[in-house]
Amino acid sequence: MDVEEMYQEIILDHYRQKHHSGLREPFDAQVVQVNPSCGDEVMLRVTLDGDTVKDVSYDGVGCSISQAATSVMTDLVIGKSVENARERYAEFHEMMHSKGRMEPNEETLEDGIAFVGVAKFVNRVKCALLGWEALREALDQTAAEPGGATATMTQEK
């Protein structure tokens with residue numbers, strides 16, 4: 001099995017068995033992100049314990065890439081500090097805009113490195129970033145509005 005096949009298998013595994021899927025309560029922020037170019041949609045909830053991401057839950061519809069990337073993201077940020085979650089967001093975001101030329105750090109992105117091949121396809125980048133953008137927005141809300149917030153965001157085409 002070559003690296004590309006292994007990455008495809010990781011994406012399919014996360015799509016078939018989505019980690020942390022299903023909306024849970026309580027939560028501190030809730031965000032809906034929609035990709036109008038393809039119809040992918042995710043509702044994401046974040047729960048904090050002080051400065052730690054205690055839980056991330058979500059419900060979504062869309063392609064295997066958007067669903068799998070959200071599953072991977074939850075694994076990468078739950079139990080981490082908000083600052084660390086923002087750093088992982090930035091690293092994943094940078095990788096997705098590298099057009100596949102970035103050598104991702106497996107130590108920090110773990111299964112997220114599987115999406116480096118997706119970065120070669122500009123029309124799929126927004127799919128992979130959908131859940132991550134929801135996370136960023138939810139973290140921004142918790143910083144701006146302690147006690148919880150709800151928002152709906154639409155990614156631009």
# chains A, B, ... in the order shown; residues from 1 in each chain; ligands from 1

$ residues_around --residues "Leu23 in chain A" --least-positions-apart "2" --cutoff "10 Å" --atoms "only C-alpha atoms" --output "count of residues only"
15

$ residues_around --residues "Tyr15 in chain A" --least-positions-apart "5" --cutoff "10 Å" --atoms "only C-alpha atoms" --output "list in words"
Glu9, Ile10, Cys63, Ser64, Ile65, Ser66, Gln67, Ala68, Ala69, Thr70, Ser71 and Val72 of chain A

$ residues_around --residues "Gln33 in chain A" --least-positions-apart "3" --cutoff "12 Å" --atoms "only C-alpha atoms" --output "PyMOL selection string"
chain A and resi 30+36+39-45+58-62+66+70+126-127+129-138+150-156

$ residues_around --residues "Lys99 in chain A" --least-positions-apart "4" --cutoff "8 Å" --atoms "only C-alpha atoms" --output "PyMOL selection string"
chain A and resi 95+116+119-122

$ write_last_selection --atoms "N, CA and C atoms" --output "short mmCIF file (atom, residue, chain, number, x, y, z; two decimals), in the first residue's frame"
data_model
loop_
_atom_site.label_atom_id
_atom_site.label_comp_id
_atom_site.auth_asym_id
_atom_site.auth_seq_id
_atom_site.Cartn_x
_atom_site.Cartn_y
_atom_site.Cartn_z
N MET A 95 -1.55 23.77 5.90
CA MET A 95 -1.38 22.58 5.07
C MET A 95 -2.41 22.55 3.94
N VAL A 116 -3.24 16.09 3.22
CA VAL A 116 -2.28 16.84 2.42
C VAL A 116 -2.52 16.61 0.93
N ALA A 119 -5.29 18.81 -0.43
CA ALA A 119 -4.88 20.20 -0.63
C ALA A 119 -4.50 20.48 -2.08
N LYS A 120 -4.23 19.46 -2.85
CA LYS A 120 -3.90 19.63 -4.28
C LYS A 120 -5.13 20.02 -5.09
N PHE A 121 -6.31 19.78 -4.55
CA PHE A 121 -7.55 20.03 -5.26
C PHE A 121 -8.26 21.22 -4.63
N VAL A 122 -8.08 22.37 -5.22
CA VAL A 122 -8.58 23.63 -4.64
C VAL A 122 -10.07 23.55 -4.32
#

$ select_by_dssp --residues "chain A" --states "alpha helix (DSSP H)" --output "number ranges by chain"
A: 3-16, 64-77, 82-96, 106-109, 122-144

$ residues_around --residues "Leu139 in chain A" --least-positions-apart "6" --cutoff "9 Å" --atoms "only C-alpha atoms" --output "PyMOL selection string"
chain A and resi 29+46+82+85-86

$ write_last_selection --atoms "C-alpha atoms" --output "short mmCIF file (atom, residue, chain, number, x, y, z; two decimals), in the first residue's frame"
data_model
loop_
_atom_site.label_atom_id
_atom_site.label_comp_id
_atom_site.auth_asym_id
_atom_site.auth_seq_id
_atom_site.Cartn_x
_atom_site.Cartn_y
_atom_site.Cartn_z
CA ALA A 29 -20.70 27.70 21.84
CA VAL A 46 -17.65 23.26 21.91
CA VAL A 82 -7.61 26.52 23.58
CA ALA A 85 -6.37 23.96 19.47
CA ARG A 86 -5.84 27.29 17.71
#

$ select_by_dssp --residues "chain A" --states "strand (DSSP E)" --output "PyMOL selection string"
chain A and resi 29-34+41-49+52-61+149-154

$ write_last_selection --atoms "C-alpha atoms" --output "compact mmCIF listing (two decimals), in the first residue's frame"
# COMPACT_ATOMS: atom_id res chain seq x y z
CA ALA A 29 -20.70 27.70 21.84
CA GLN A 30 -22.56 26.34 18.85
CA VAL A 31 -21.74 27.18 15.25
CA VAL A 32 -23.21 26.16 11.90
CA GLN A 33 -20.91 26.27 8.89
CA VAL A 34 -22.17 25.77 5.34
CA GLU A 41 -22.94 21.53 6.39
CA VAL A 42 -21.83 21.05 9.97
CA MET A 43 -23.27 22.09 13.32
CA LEU A 44 -20.53 22.03 15.92
CA ARG A 45 -20.62 22.49 19.69
CA VAL A 46 -17.65 23.26 21.91
CA THR A 47 -17.49 22.80 25.66
CA LEU A 48 -14.64 24.31 27.64
CA ASP A 49 -13.33 23.57 31.10
CA THR A 52 -9.19 23.42 28.01
CA VAL A 53 -11.34 22.07 25.21
CA LYS A 54 -13.40 19.59 27.20
CA ASP A 55 -15.62 18.39 24.35
CA VAL A 56 -16.39 18.96 20.69
CA SER A 57 -19.52 17.39 19.25
CA TYR A 58 -21.04 17.80 15.82
CA ASP A 59 -23.66 16.75 13.37
CA GLY A 60 -23.20 17.23 9.68
CA VAL A 61 -24.00 16.24 6.16
CA ALA A 149 -23.12 31.64 22.07
CA THR A 150 -24.72 30.42 18.86
CA ALA A 151 -23.96 31.51 15.31
CA THR A 152 -24.39 30.48 11.72
CA MET A 153 -21.59 31.11 9.25
CA THR A 154 -21.42 30.43 5.53

$ atom_distance --atom1 "CA of Val3 in chain A" --atom2 "CA of Tyr89 in chain A"
23.3 Å

$ closest_residue --among "A:Glu91, A:Asp51, A:Asp28, A:Glu83" --to "Glu110 in chain A" --atoms "only C-alpha atoms"
A:Glu91

$ residues_around --residues "Ala114 in chain A" --least-positions-apart "5" --cutoff "8 Å" --atoms "only C-alpha atoms" --output "PyMOL selection string"
chain A and resi 6-8+10-11

$ atom_distance --atom1 "CA of Asp13 in chain A" --atom2 "CA of Gly117 in chain A"
16.1 Å

$ closest_residue --among "A:Asp2, A:Asp111, A:Asp75, A:Glu87" --to "His19 in chain A" --atoms "only C-alpha atoms"
A:Asp75

$ atom_distance --atom1 "CA of Asn105 in chain A" --atom2 "CA of Asp140 in chain A"
25.0 Å

$ decode --residues "range 5-156 of chain A" --atoms "C-alpha atoms" --output "short mmCIF file (atom, residue, chain, number, x, y, z; two decimals), in the first residue's frame"
data_model
loop_
_atom_site.label_atom_id
_atom_site.label_comp_id
_atom_site.auth_asym_id
_atom_site.auth_seq_id
_atom_site.Cartn_x
_atom_site.Cartn_y
_atom_site.Cartn_z
CA GLU A 5 -3.75 4.74 -0.53
CA MET A 6 -3.00 4.82 3.19
CA TYR A 7 -4.20 8.44 3.39
CA GLN A 8 -7.39 7.56 1.49
CA GLU A 9 -8.01 4.71 3.91
CA ILE A 10 -7.59 7.04 6.92
CA ILE A 11 -10.12 9.46 5.42
CA LEU A 12 -12.60 6.66 4.69
CA ASP A 13 -12.17 5.19 8.18
CA HIS A 14 -13.00 8.56 9.79
CA TYR A 15 -15.95 8.99 7.42
CA ARG A 16 -17.38 5.55 8.23
CA GLN A 17 -16.83 5.81 11.99
CA LYS A 18 -17.00 9.49 12.85
CA HIS A 19 -15.33 10.27 16.15
CA HIS A 20 -17.31 12.44 18.61
CA SER A 21 -20.28 12.69 16.21
CA GLY A 22 -23.67 13.50 17.69
CA LEU A 23 -24.55 16.77 19.41
CA ARG A 24 -24.05 16.81 23.16
CA GLU A 25 -24.95 19.12 26.00
CA PRO A 26 -23.95 21.18 27.81
CA PHE A 27 -21.97 23.40 25.45
CA ASP A 28 -20.41 26.85 25.54
CA ALA A 29 -20.70 27.70 21.84
CA GLN A 30 -22.56 26.34 18.85
CA VAL A 31 -21.74 27.18 15.25
CA VAL A 32 -23.21 26.16 11.90
CA GLN A 33 -20.91 26.27 8.89
CA VAL A 34 -22.17 25.77 5.34
CA ASN A 35 -20.16 25.40 2.16
CA PRO A 36 -22.50 26.88 -0.48
CA SER A 37 -20.43 25.55 -3.38
CA CYS A 38 -21.22 21.92 -2.52
CA GLY A 39 -23.88 21.95 0.20
CA ASP A 40 -21.74 20.44 2.96
CA GLU A 41 -22.94 21.53 6.39
CA VAL A 42 -21.83 21.05 9.97
CA MET A 43 -23.27 22.09 13.32
CA LEU A 44 -20.53 22.03 15.92
CA ARG A 45 -20.62 22.49 19.69
CA VAL A 46 -17.65 23.26 21.91
CA THR A 47 -17.49 22.80 25.66
CA LEU A 48 -14.64 24.31 27.64
CA ASP A 49 -13.33 23.57 31.10
CA GLY A 50 -11.42 26.72 31.90
CA ASP A 51 -8.89 27.06 29.10
CA THR A 52 -9.19 23.42 28.01
CA VAL A 53 -11.34 22.07 25.21
CA LYS A 54 -13.40 19.59 27.20
CA ASP A 55 -15.62 18.39 24.35
CA VAL A 56 -16.39 18.96 20.69
CA SER A 57 -19.52 17.39 19.25
CA TYR A 58 -21.04 17.80 15.82
CA ASP A 59 -23.66 16.75 13.37
CA GLY A 60 -23.20 17.23 9.68
CA VAL A 61 -24.00 16.24 6.16
CA GLY A 62 -21.64 16.25 3.26
CA CYS A 63 -18.85 14.52 1.49
CA SER A 64 -16.40 12.10 3.04
CA ILE A 65 -13.72 14.80 3.15
CA SER A 66 -15.72 17.29 5.21
CA GLN A 67 -17.03 14.64 7.59
CA ALA A 68 -13.68 12.88 8.03
CA ALA A 69 -11.77 16.14 8.55
CA THR A 70 -14.21 17.13 11.29
CA SER A 71 -13.78 13.72 12.94
CA VAL A 72 -9.99 14.07 12.84
CA MET A 73 -10.21 17.62 14.20
CA THR A 74 -12.15 16.48 17.27
CA ASP A 75 -9.45 13.93 18.07
CA LEU A 76 -6.77 16.59 17.75
CA VAL A 77 -8.30 19.24 20.01
CA ILE A 78 -10.33 17.55 22.75
CA GLY A 79 -8.32 17.64 25.97
CA LYS A 80 -5.98 20.32 24.65
CA SER A 81 -5.73 23.96 25.65
CA VAL A 82 -7.61 26.52 23.58
CA GLU A 83 -4.24 27.93 22.52
CA ASN A 84 -3.08 24.48 21.35
CA ALA A 85 -6.37 23.96 19.47
CA ARG A 86 -5.84 27.29 17.71
CA GLU A 87 -2.28 26.26 16.82
CA ARG A 88 -3.52 22.99 15.31
CA TYR A 89 -6.18 24.91 13.40
CA ALA A 90 -3.46 27.20 11.99
CA GLU A 91 -1.24 24.26 11.06
CA PHE A 92 -4.07 22.36 9.33
CA HIS A 93 -5.19 25.56 7.58
CA GLU A 94 -1.65 26.17 6.32
CA MET A 95 -1.38 22.58 5.07
CA MET A 96 -4.70 22.84 3.24
CA HIS A 97 -3.54 25.98 1.43
CA SER A 98 -0.14 24.48 0.50
CA LYS A 99 -1.50 22.83 -2.67
CA GLY A 100 -0.02 19.58 -1.37
CA ARG A 101 3.53 20.91 -1.17
CA MET A 102 3.79 21.13 2.62
CA GLU A 103 5.37 18.30 4.59
CA PRO A 104 2.88 17.99 7.45
CA ASN A 105 4.03 17.31 11.00
CA GLU A 106 2.64 13.88 11.87
CA GLU A 107 3.38 14.44 15.55
CA THR A 108 0.95 17.36 15.81
CA LEU A 109 -1.54 16.62 13.01
CA GLU A 110 -1.67 12.82 13.47
CA ASP A 111 -4.39 11.50 11.10
CA GLY A 112 -4.77 15.05 9.76
CA ILE A 113 -1.75 14.48 7.53
CA ALA A 114 -4.00 12.34 5.33
CA PHE A 115 -5.52 15.54 3.95
CA VAL A 116 -2.28 16.84 2.42
CA GLY A 117 -3.28 15.15 -0.85
CA VAL A 118 -6.69 16.84 -0.72
CA ALA A 119 -4.88 20.20 -0.63
CA LYS A 120 -3.90 19.63 -4.28
CA PHE A 121 -7.55 20.03 -5.26
CA VAL A 122 -8.58 23.63 -4.64
CA ASN A 123 -12.29 22.83 -4.92
CA ARG A 124 -11.99 20.34 -2.02
CA VAL A 125 -10.05 22.56 0.40
CA LYS A 126 -13.21 24.22 1.76
CA CYS A 127 -14.66 20.74 2.37
CA ALA A 128 -11.69 19.77 4.52
CA LEU A 129 -11.75 23.10 6.39
CA LEU A 130 -15.48 23.18 7.14
CA GLY A 131 -15.34 21.65 10.64
CA TRP A 132 -12.09 23.44 11.42
CA GLU A 133 -13.64 26.81 10.55
CA ALA A 134 -16.58 25.96 12.81
CA LEU A 135 -14.12 25.20 15.61
CA ARG A 136 -12.29 28.51 15.09
CA GLU A 137 -15.57 30.41 15.14
CA ALA A 138 -16.77 28.59 18.27
CA LEU A 139 -13.49 29.31 20.07
CA ASP A 140 -13.73 32.96 19.03
CA GLN A 141 -17.26 33.08 20.45
CA THR A 142 -16.23 31.59 23.78
CA ALA A 143 -13.49 34.21 24.08
CA ALA A 144 -15.87 37.05 23.18
CA GLU A 145 -18.98 35.87 24.99
CA PRO A 146 -18.33 33.79 28.09
CA GLY A 147 -21.35 31.68 28.95
CA GLY A 148 -22.13 30.44 25.49
CA ALA A 149 -23.12 31.64 22.07
CA THR A 150 -24.72 30.42 18.86
CA ALA A 151 -23.96 31.51 15.31
CA THR A 152 -24.39 30.48 11.72
CA MET A 153 -21.59 31.11 9.25
CA THR A 154 -21.42 30.43 5.53
CA GLN A 155 -18.09 29.90 3.87
CA GLU A 156 -17.64 32.11 0.85
#
